[in-house]
file entry.cif (mmCIF, C-alpha atoms)
data_upload
loop_
_atom_site.label_atom_id
_atom_site.label_comp_id
_atom_site.auth_asym_id
_atom_site.auth_seq_id
_atom_site.Cartn_x
_atom_site.Cartn_y
_atom_site.Cartn_z
CA MET A 1 19.58 13.92 7.41
CA ALA A 2 20.48 13.67 11.09
CA SER A 3 17.08 15.09 12.04
CA PHE A 4 15.39 12.37 9.96
CA TRP A 5 17.10 9.57 11.87
CA GLU A 6 16.02 11.14 15.15
CA TYR A 7 12.54 9.75 14.53
CA ALA A 8 13.90 6.22 14.67
CA ASN A 9 13.74 6.90 18.40
CA PRO A 10 10.38 5.44 19.54
CA VAL A 11 9.72 8.35 21.93
CA LYS A 12 10.16 10.99 19.22
CA PHE A 13 8.22 8.88 16.73
CA MET A 14 5.29 8.58 19.14
CA ARG A 15 5.33 12.33 19.72
CA LEU A 16 5.36 13.12 15.99
CA SER A 17 2.79 10.51 15.03
CA GLY A 18 0.51 11.61 17.87
CA TRP A 19 -0.55 14.72 15.94
CA LEU A 20 0.28 13.63 12.38
CA MET A 21 -1.94 10.53 12.48
CA PRO A 22 -5.29 12.25 13.25
CA LEU A 23 -4.49 15.08 10.85
CA SER A 24 -3.81 12.60 8.03
CA ALA A 25 -6.95 10.62 8.88
CA VAL A 26 -9.21 13.69 8.72
CA LEU A 27 -7.70 14.93 5.45
CA ALA A 28 -7.95 11.42 3.99
CA ALA A 29 -11.63 11.12 4.89
CA VAL A 30 -12.45 14.50 3.36
CA LEU A 31 -10.55 13.84 0.12
CA ILE A 32 -11.81 10.26 -0.34
CA VAL A 33 -15.46 11.12 0.31
CA THR A 34 -15.24 14.20 -1.94
CA GLY A 35 -13.42 12.31 -4.69
CA LEU A 36 -15.77 9.31 -4.68
CA LEU A 37 -18.95 11.39 -4.60
CA TRP A 38 -17.61 13.64 -7.36
CA GLY A 39 -16.41 10.68 -9.39
CA PHE A 40 -19.51 8.50 -9.06
CA PHE A 41 -22.17 11.18 -9.32
CA GLY A 42 -20.50 14.25 -10.86
CA THR A 43 -18.84 12.78 -13.96
CA PRO A 44 -20.44 11.73 -17.27
CA ASP A 45 -20.60 8.14 -18.46
CA ASP A 46 -17.82 7.07 -20.78
CA TYR A 47 -18.82 6.83 -24.46
CA ARG A 48 -17.50 3.27 -24.67
CA GLN A 49 -17.57 1.83 -21.15
CA GLY A 50 -20.63 3.62 -19.81
CA SER A 51 -20.93 4.00 -16.04
CA THR A 52 -18.75 0.92 -15.48
CA VAL A 53 -15.64 3.04 -15.91
CA LYS A 54 -16.39 4.90 -12.68
CA ILE A 55 -14.97 2.00 -10.69
CA ILE A 56 -11.65 3.59 -11.66
CA PHE A 57 -12.02 5.90 -8.66
CA LEU A 58 -11.60 2.89 -6.38
CA HIS A 59 -9.51 0.59 -8.54
CA VAL A 60 -6.66 2.91 -9.49
CA PRO A 61 -6.01 4.39 -6.00
CA ALA A 62 -6.16 0.92 -4.43
CA ALA A 63 -3.79 -0.55 -7.04
CA LEU A 64 -1.42 2.39 -6.64
CA MET A 65 -1.32 2.00 -2.87
CA ALA A 66 -0.90 -1.78 -3.13
CA ILE A 67 2.36 -1.25 -5.01
CA ASN A 68 3.51 1.78 -3.03
CA ALA A 69 2.84 0.02 0.26
CA TRP A 70 5.27 -2.71 -0.74
CA ALA A 71 7.76 -0.05 -1.84
CA MET A 72 7.46 1.58 1.58
CA MET A 73 7.97 -1.83 3.22
CA LEU A 74 11.06 -2.36 1.07
CA VAL A 75 12.60 0.94 2.18
CA ALA A 76 11.75 0.23 5.82
CA SER A 77 13.19 -3.28 5.54
CA LEU A 78 16.44 -1.96 4.06
CA ILE A 79 16.71 0.55 6.89
CA TRP A 80 16.26 -2.28 9.36
CA LEU A 81 18.86 -4.48 7.70
CA ILE A 82 21.39 -1.64 7.44
CA ARG A 83 20.71 0.58 10.46
CA ARG A 84 18.82 -1.85 12.78
CA HIS A 85 16.19 0.72 13.71
CA HIS A 86 13.26 -1.10 15.30
CA VAL A 87 10.71 1.55 14.33
CA SER A 88 11.36 0.88 10.64
CA ALA A 89 10.81 -2.87 11.07
CA LEU A 90 7.60 -2.25 13.00
CA ALA A 91 6.41 0.21 10.37
CA ALA A 92 6.94 -2.39 7.65
CA LYS A 93 5.01 -4.92 9.72
CA ALA A 94 2.16 -2.44 10.22
CA ALA A 95 2.02 -1.64 6.49
CA ALA A 96 1.65 -5.25 5.34
CA PRO A 97 -2.05 -5.83 6.24
CA ILE A 98 -2.94 -2.47 4.71
CA GLY A 99 -1.09 -3.28 1.51
CA ALA A 100 -2.71 -6.72 1.36
CA THR A 101 -6.15 -5.15 1.73
CA MET A 102 -5.41 -2.63 -1.02
CA THR A 103 -4.19 -5.42 -3.30
CA LEU A 104 -7.36 -7.42 -2.65
CA ILE A 105 -9.53 -4.37 -3.36
CA ALA A 106 -7.63 -3.80 -6.62
CA LEU A 107 -8.11 -7.44 -7.66
CA ILE A 108 -11.84 -7.45 -6.85
CA THR A 109 -12.62 -4.09 -8.45
CA GLY A 110 -10.50 -5.05 -11.45
CA ALA A 111 -12.57 -8.22 -11.89
CA ILE A 112 -15.82 -6.26 -11.59
CA TRP A 113 -14.56 -3.74 -14.13
CA GLY A 114 -13.11 -6.38 -16.43
CA GLN A 115 -16.14 -8.66 -16.68
CA PRO A 116 -18.32 -6.34 -18.81
CA MET A 117 -15.29 -5.05 -20.73
CA TRP A 118 -13.47 -8.33 -21.42
CA GLY A 119 -16.30 -10.80 -20.99
CA THR A 120 -14.48 -12.60 -18.17
CA TRP A 121 -13.81 -12.04 -14.49
CA TRP A 122 -10.21 -13.18 -14.71
CA ALA A 123 -7.50 -13.74 -17.28
CA TRP A 124 -3.90 -14.80 -16.80
CA ASP A 125 -2.79 -11.41 -18.01
CA PRO A 126 0.81 -10.45 -17.05
CA ARG A 127 -0.28 -7.55 -14.86
CA LEU A 128 -3.16 -9.45 -13.24
CA THR A 129 -0.98 -12.48 -12.56
CA SER A 130 1.84 -10.43 -11.05
CA PHE A 131 -0.70 -8.61 -8.87
CA LEU A 132 -2.07 -11.92 -7.62
CA ILE A 133 1.46 -13.10 -6.79
CA LEU A 134 2.08 -9.81 -4.98
CA PHE A 135 -1.03 -10.48 -2.88
CA LEU A 136 0.32 -13.93 -2.01
CA PHE A 137 3.63 -12.35 -0.99
CA TYR A 138 1.71 -10.01 1.32
CA LEU A 139 0.01 -13.01 2.94
CA GLY A 140 3.35 -14.82 3.25
CA TYR A 141 4.96 -11.74 4.81
CA ILE A 142 2.18 -11.44 7.40
CA ALA A 143 2.29 -15.18 8.14
CA LEU A 144 6.07 -15.12 8.59
CA TRP A 145 5.85 -12.33 11.17
CA SER A 146 3.24 -14.36 13.07
CA ALA A 147 5.17 -17.64 12.89
CA ILE A 148 8.43 -16.43 14.48
CA GLU A 149 8.50 -15.52 18.16
CA ASP A 150 11.77 -13.60 18.26
CA PRO A 151 10.97 -10.13 16.81
CA ASP A 152 14.49 -9.44 15.51
CA THR A 153 14.67 -12.77 13.70
CA ALA A 154 11.19 -12.16 12.28
CA ALA A 155 12.27 -8.71 11.10
CA ASP A 156 15.36 -10.18 9.41
CA LEU A 157 13.49 -12.92 7.55
CA THR A 158 10.56 -10.75 6.53
CA SER A 159 12.97 -8.11 5.23
CA VAL A 160 14.58 -10.70 2.96
CA LEU A 161 11.12 -11.82 1.81
CA CYS A 162 10.28 -8.19 1.08
CA LEU A 163 13.36 -7.87 -1.13
CA VAL A 164 12.28 -10.92 -3.14
CA GLY A 165 8.67 -9.79 -3.42
CA SER A 166 9.75 -6.41 -4.74
CA VAL A 167 10.27 -8.04 -8.14
CA PHE A 168 6.54 -8.68 -8.39
CA ALA A 169 5.73 -5.19 -7.13
CA VAL A 170 7.71 -3.82 -10.08
CA LEU A 171 6.04 -6.27 -12.46
CA SER A 172 2.62 -5.26 -11.14
CA ARG A 173 3.38 -1.67 -12.08
CA TYR A 174 5.13 -2.17 -15.43
CA ALA A 175 3.94 -5.54 -16.72
CA ALA A 176 1.83 -3.89 -19.41
CA LEU A 177 5.01 -2.27 -20.74
CA PHE A 178 7.17 -5.40 -20.50
CA TRP A 179 4.70 -7.59 -22.42
CA ASN A 180 2.46 -6.51 -25.28
CA GLN A 181 0.04 -9.38 -24.86
CA GLY A 182 -2.68 -9.27 -22.24
CA LEU A 183 -6.09 -7.74 -21.74
CA HIS A 184 -5.14 -5.06 -19.26
CA GLN A 185 -4.96 -1.58 -20.72
CA GLY A 186 -1.97 0.70 -20.36
CA ALA A 187 -1.64 3.26 -17.59
CA SER A 188 -4.69 5.48 -17.16
CA LEU A 189 -2.47 8.35 -16.02
CA SER A 190 0.89 9.06 -17.58
CA VAL A 191 3.42 11.85 -18.01
CA ALA A 192 3.85 10.80 -21.63
CA PRO A 193 2.51 13.15 -24.32
CA GLY A 194 -1.09 12.64 -25.36
CA THR A 195 -4.38 12.83 -23.50
CA ARG A 196 -5.38 9.57 -21.85
CA MET A 197 -8.16 10.89 -19.65
CA ASP A 198 -10.34 13.98 -19.58
CA TRP A 199 -9.94 16.37 -16.66
CA SER A 200 -13.53 15.70 -15.60
CA TYR A 201 -12.22 12.28 -14.55
CA LYS A 202 -8.68 13.28 -13.62
CA ALA A 203 -9.65 15.80 -10.94
CA PRO A 204 -11.73 13.46 -8.72
CA LEU A 205 -9.30 10.62 -9.40
CA TYR A 206 -6.41 12.72 -8.11
CA LEU A 207 -8.42 13.53 -4.98
CA CYS A 208 -9.02 9.82 -4.38
CA MET A 209 -5.37 8.97 -4.97
CA ILE A 210 -4.14 11.63 -2.52
CA GLY A 211 -6.84 10.57 -0.05
CA PHE A 212 -5.81 6.91 -0.26
CA GLY A 213 -2.19 7.93 0.27
CA LEU A 214 -3.08 9.92 3.40
CA MET A 215 -5.27 7.07 4.62
CA PHE A 216 -2.34 4.69 4.21
CA LEU A 217 -0.11 7.08 6.15
CA ALA A 218 -2.63 7.37 8.99
CA LEU A 219 -3.14 3.61 9.20
CA VAL A 220 0.61 2.88 9.13
CA LEU A 221 1.22 5.41 11.89
CA ALA A 222 -1.60 3.90 13.95
CA GLY A 223 -0.31 0.38 13.38
CA THR A 224 3.28 1.32 14.19
CA ARG A 225 2.20 3.02 17.39
CA THR A 226 0.32 -0.13 18.35
CA GLU A 227 3.37 -2.29 17.60
CA ILE A 228 5.62 -0.03 19.71
CA ARG A 229 3.21 -0.23 22.64
CA ALA A 230 2.99 -4.03 22.28
CA ARG A 231 6.78 -4.26 22.22
CA ARG A 232 7.01 -2.16 25.38
CA ALA A 233 4.38 -4.32 27.07
CA ARG A 234 6.28 -7.50 26.21
CA ALA A 235 9.50 -5.98 27.54
CA LEU A 236 7.80 -5.06 30.83
CA LEU A 237 6.30 -8.53 31.19
CA THR A 238 9.70 -10.11 30.55
CA ARG A 239 11.30 -7.84 33.14
CA GLU A 240 8.66 -8.76 35.71
CA ARG A 241 9.18 -12.46 35.08
CA VAL A 242 12.94 -12.10 35.55
CA ARG A 243 12.43 -10.26 38.85
CA ALA A 244 9.96 -12.90 40.01
#
call {"tool": "encode", "arguments": {"input": "entry.cif", "output": "structure tokens"}}
result
Amino acid sequence: MASFWEYANPVKFMRLSGWLMPLSAVLAAVLIVTGLLWGFFGTPDDYRQGSTVKIIFLHVPAALMAINAWAMMLVASLIWLIRRHHVSALAAKAAAPIGATMTLIALITGAIWGQPMWGTWWAWDPRLTSFLILFLFYLGYIALWSAIEDPDTAADLTSVLCLVGSVFAVLSRYAALFWNQGLHQGASLSVAPGTRMDWSYKAPLYLCMIGFGLMFLALVLAGTRTEIRARRARALLTRERVRA
């Protein structure tokens, strides 16, 4: 555990992320391209949904990362509130735009998938509504960071906002289980007994999901590195002004 906290040191984090970021990016690109090509062109049409179902290879990984990004932000925010490690706060800040983008992709692809299946682009379904609210929380989180000049105060307030928004992250994942009504289907992948999806779809979908996860990791590392450099630059500018 002690070795884990060592990477809260910006110098050690920059050293680790310097080689982990490009490695994650390359693996992500390979897995995503392979998974999408396999999924779109190497799988048969569904007997009920036709080729429309193939949007699952974008929709499910994006929706999964939208929720997991907020979960990562929650953990990082708790670390900041408890341990006051600046790297964790900066990592949460870096993850927010990525999570917001993933949530938007999930909403758009869900609408494209839902229109031919449900006959409508949108319905106030419990899962869809909670996902929309989660997207709004992402926007609020990003706006709050931008609105407050003092970085520590911004980290404190955004961490509290992250705790509140976590309710909707949970609802986005489990709304279909909490409420029976709604158009959205149950989970496409599950550890529960019974086959929900054929392996011809599962295999490329798993590649896309792992690829999206590695892409998220690479982007968060890149964003955190940028935030650390920006923080150092501001500190140097402040020091120069004091000397002047």
call {"tool": "closest_atom_pairs", "arguments": {"input": "entry.cif", "of": "stretch 26-139 of chain A", "to": "stretch 163-168 of chain A", "cutoff": "8 Å", "atoms": "only C-alpha atoms", "output": "CSV"}}
result
residue,atom,partner,partner_atom,distance
A:Trp70,CA,A:Ser166,CA,7.1
A:Ala71,CA,A:Ser166,CA,7.3
A:Leu74,CA,A:Leu163,CA,6.4
A:Ser130,CA,A:Phe168,CA,5.7
A:Phe131,CA,A:Phe168,CA,7.3
A:Ile133,CA,A:Phe168,CA,6.9
A:Leu134,CA,A:Phe168,CA,5.7
A:Phe137,CA,A:Gly165,CA,6.2
call {"tool": "closest_residue", "arguments": {"input": "entry.cif", "among": "A:Leu81, A:Leu23, A:Met209, A:Val11", "to": "A:Thr153", "atoms": "all atoms listed in the file"}}
result
A:Leu81
call {"tool": "resolve_selection", "arguments": {"input": "entry.cif", "expression": "the PyMOL selection byres ((chain A and resi 111-115) around 12)", "output": "MDAnalysis selection string"}}
result
chainID A and resid 49:60 104:110 116:125 128 132 183:185
call {"tool": "resolve_selection", "arguments": {"input": "entry.cif", "expression": "the PyMOL selection byres ((chain A and resi 87-91) around 7)", "output": "mmCIF file with C-alpha atoms, in the frame of the given file"}}
result
data_model
loop_
_atom_site.group_PDB
_atom_site.id
_atom_site.type_symbol
_atom_site.label_atom_id
_atom_site.label_comp_id
_atom_site.auth_asym_id
_atom_site.auth_seq_id
_atom_site.Cartn_x
_atom_site.Cartn_y
_atom_site.Cartn_z
ATOM 1 C CA ALA A 8 13.900 6.220 14.670
ATOM 2 C CA PRO A 10 10.380 5.440 19.540
ATOM 3 C CA ALA A 76 11.750 0.230 5.820
ATOM 4 C CA SER A 77 13.190 -3.280 5.540
ATOM 5 C CA ILE A 79 16.710 0.550 6.890
ATOM 6 C CA TRP A 80 16.260 -2.280 9.360
ATOM 7 C CA HIS A 85 16.190 0.720 13.710
ATOM 8 C CA HIS A 86 13.260 -1.100 15.300
ATOM 9 C CA ALA A 92 6.940 -2.390 7.650
ATOM 10 C CA LYS A 93 5.010 -4.920 9.720
ATOM 11 C CA ALA A 94 2.160 -2.440 10.220
ATOM 12 C CA ALA A 95 2.020 -1.640 6.490
ATOM 13 C CA ALA A 155 12.270 -8.710 11.100
ATOM 14 C CA VAL A 220 0.610 2.880 9.130
ATOM 15 C CA THR A 224 3.280 1.320 14.190
ATOM 16 C CA GLU A 227 3.370 -2.290 17.600
#
call {"tool": "closest_residue", "arguments": {"input": "entry.cif", "among": "A:Ala230, A:Met102, A:Leu78, A:Val26", "to": "A:Leu161", "atoms": "all atoms listed in the file"}}
result
A:Leu78
call {"tool": "resolve_selection", "arguments": {"input": "entry.cif", "expression": "the PyMOL selection byres ((chain A and resi 200) around 10)", "output": "PyMOL selection string"}}
result
chain A and resi 38-39+42-44+197-199+201-205
call {"tool": "residues_around", "arguments": {"input": "entry.cif", "residues": "A:Gly18", "least_positions_apart": "6", "cutoff": "12 Å", "atoms": "all atoms listed in the file", "output": "ChimeraX atom specification"}}
result
/A:10-12,24-25,218,221-222,224-226
call {"tool": "closest_residue", "arguments": {"input": "entry.cif", "among": "A:Ala69, A:Leu237, A:Ile210, A:Ile228", "to": "A:Leu31", "atoms": "all atoms listed in the file"}}
result
A:Ile210
call {"tool": "atom_distance", "arguments": {"input": "entry.cif", "atom1": "atom CA of A:Gly223", "atom2": "atom CA of A:Met72"}}
result
14.2 Å
call {"tool": "atom_distance", "arguments": {"input": "entry.cif", "atom1": "atom CA of A:Leu36", "atom2": "atom CA of A:Leu219"}}
result
19.6 Å
call {"tool": "atom_distance", "arguments": {"input": "entry.cif", "atom1": "atom CA of A:Cys162", "atom2": "atom CA of A:Asn68"}}
result
12.7 Å
call {"tool": "closest_residue", "arguments": {"input": "entry.cif", "among": "A:Phe41, A:Tyr206, A:Phe13, A:Phe212", "to": "A:Ala66", "atoms": "all atoms listed in the file"}}
result
A:Phe212
call {"tool": "closest_residue", "arguments": {"input": "entry.cif", "among": "A:Ala169, A:Ala154, A:Val242, A:Leu20", "to": "A:Tyr138", "atoms": "all atoms listed in the file"}}
result
A:Ala169
call {"tool": "closest_residue", "arguments": {"input": "entry.cif", "among": "A:Cys208, A:Ile32, A:Leu217, A:Leu136", "to": "A:Thr103", "atoms": "all atoms listed in the file"}}
result
A:Leu136
call {"tool": "build_atoms", "arguments": {"input": "entry.cif", "residues": "stretch 135-161 of chain A", "atoms": "N, CA, C and O atoms", "output": "CSV table (one decimal), in the frame of the given file"}}
result
chain,number,residue,atom,x,y,z
A,135,PHE,N,-0.1,-10.3,-4.0
A,135,PHE,CA,-1.0,-10.5,-2.9
A,135,PHE,C,-0.6,-11.7,-2.0
A,135,PHE,O,-0.6,-11.7,-0.8
A,136,LEU,N,-0.2,-12.7,-2.7
A,136,LEU,CA,0.3,-13.9,-2.0
A,136,LEU,C,1.6,-13.6,-1.2
A,136,LEU,O,1.8,-14.2,-0.1
A,137,PHE,N,2.4,-12.8,-1.7
A,137,PHE,CA,3.6,-12.4,-1.0
A,137,PHE,C,3.2,-11.6,0.3
A,137,PHE,O,3.9,-11.7,1.3
A,138,TYR,N,2.2,-10.7,0.1
A,138,TYR,CA,1.7,-10.0,1.3
A,138,TYR,C,1.3,-11.0,2.4
A,138,TYR,O,1.6,-10.9,3.6
A,139,LEU,N,0.5,-12.0,2.0
A,139,LEU,CA,0.0,-13.0,2.9
A,139,LEU,C,1.2,-13.8,3.6
A,139,LEU,O,1.2,-14.0,4.8
A,140,GLY,N,2.2,-14.1,2.7
A,140,GLY,CA,3.4,-14.8,3.2
A,140,GLY,C,4.1,-14.0,4.2
A,140,GLY,O,4.6,-14.5,5.3
A,141,TYR,N,4.2,-12.7,3.9
A,141,TYR,CA,5.0,-11.7,4.8
A,141,TYR,C,4.3,-11.7,6.2
A,141,TYR,O,4.9,-11.7,7.2
A,142,ILE,N,2.9,-11.5,6.1
A,142,ILE,CA,2.2,-11.4,7.4
A,142,ILE,C,2.3,-12.7,8.2
A,142,ILE,O,2.5,-12.7,9.4
A,143,ALA,N,2.2,-13.9,7.5
A,143,ALA,CA,2.3,-15.2,8.1
A,143,ALA,C,3.7,-15.4,8.8
A,143,ALA,O,3.8,-16.0,9.9
A,144,LEU,N,4.7,-14.9,8.1
A,144,LEU,CA,6.1,-15.1,8.6
A,144,LEU,C,6.3,-14.3,9.9
A,144,LEU,O,6.9,-14.8,10.8
A,145,TRP,N,5.8,-13.1,9.9
A,145,TRP,CA,5.8,-12.3,11.2
A,145,TRP,C,5.2,-13.1,12.3
A,145,TRP,O,5.6,-13.1,13.5
A,146,SER,N,4.0,-13.7,12.0
A,146,SER,CA,3.2,-14.4,13.1
A,146,SER,C,3.9,-15.7,13.5
A,146,SER,O,3.7,-16.1,14.6
A,147,ALA,N,4.7,-16.3,12.6
A,147,ALA,CA,5.2,-17.6,12.9
A,147,ALA,C,6.4,-17.6,13.7
A,147,ALA,O,6.8,-18.6,14.3
A,148,ILE,N,7.1,-16.5,13.8
A,148,ILE,CA,8.4,-16.4,14.5
A,148,ILE,C,8.3,-15.6,15.8
A,148,ILE,O,7.8,-14.5,15.7
A,149,GLU,N,8.7,-16.2,16.9
A,149,GLU,CA,8.5,-15.5,18.2
A,149,GLU,C,9.5,-14.4,18.4
A,149,GLU,O,9.1,-13.3,18.9
A,150,ASP,N,10.8,-14.6,18.0
A,150,ASP,CA,11.8,-13.6,18.3
A,150,ASP,C,11.6,-12.5,17.3
A,150,ASP,O,11.7,-12.7,16.0
A,151,PRO,N,11.3,-11.2,17.7
A,151,PRO,CA,11.0,-10.1,16.8
A,151,PRO,C,12.1,-9.7,15.9
A,151,PRO,O,11.9,-9.4,14.7
A,152,ASP,N,13.4,-9.8,16.4
A,152,ASP,CA,14.5,-9.4,15.5
A,152,ASP,C,14.7,-10.5,14.4
A,152,ASP,O,15.0,-10.1,13.2
A,153,THR,N,14.6,-11.7,14.7
A,153,THR,CA,14.7,-12.8,13.7
A,153,THR,C,13.5,-12.6,12.7
A,153,THR,O,13.8,-12.8,11.5
A,154,ALA,N,12.3,-12.4,13.2
A,154,ALA,CA,11.2,-12.2,12.3
A,154,ALA,C,11.4,-11.0,11.4
A,154,ALA,O,11.1,-11.0,10.2
A,155,ALA,N,12.0,-9.9,11.9
A,155,ALA,CA,12.3,-8.7,11.1
A,155,ALA,C,13.3,-9.0,10.0
A,155,ALA,O,13.2,-8.6,8.9
A,156,ASP,N,14.3,-9.8,10.4
A,156,ASP,CA,15.4,-10.2,9.4
A,156,ASP,C,14.8,-11.0,8.3
A,156,ASP,O,15.0,-10.7,7.1
A,157,LEU,N,14.0,-12.0,8.6
A,157,LEU,CA,13.5,-12.9,7.6
A,157,LEU,C,12.4,-12.2,6.7
A,157,LEU,O,12.4,-12.4,5.5
A,158,THR,N,11.6,-11.4,7.3
A,158,THR,CA,10.6,-10.8,6.5
A,158,THR,C,11.2,-9.7,5.6
A,158,THR,O,10.7,-9.4,4.6
A,159,SER,N,12.3,-9.1,6.1
A,159,SER,CA,13.0,-8.1,5.2
A,159,SER,C,13.5,-8.8,4.0
A,159,SER,O,13.5,-8.2,2.9
A,160,VAL,N,14.1,-10.0,4.1
A,160,VAL,CA,14.6,-10.7,3.0
A,160,VAL,C,13.4,-11.1,2.0
A,160,VAL,O,13.5,-10.9,0.8
A,161,LEU,N,12.3,-11.5,2.6
A,161,LEU,CA,11.1,-11.8,1.8
A,161,LEU,C,10.6,-10.6,1.1
A,161,LEU,O,10.2,-10.7,-0.1
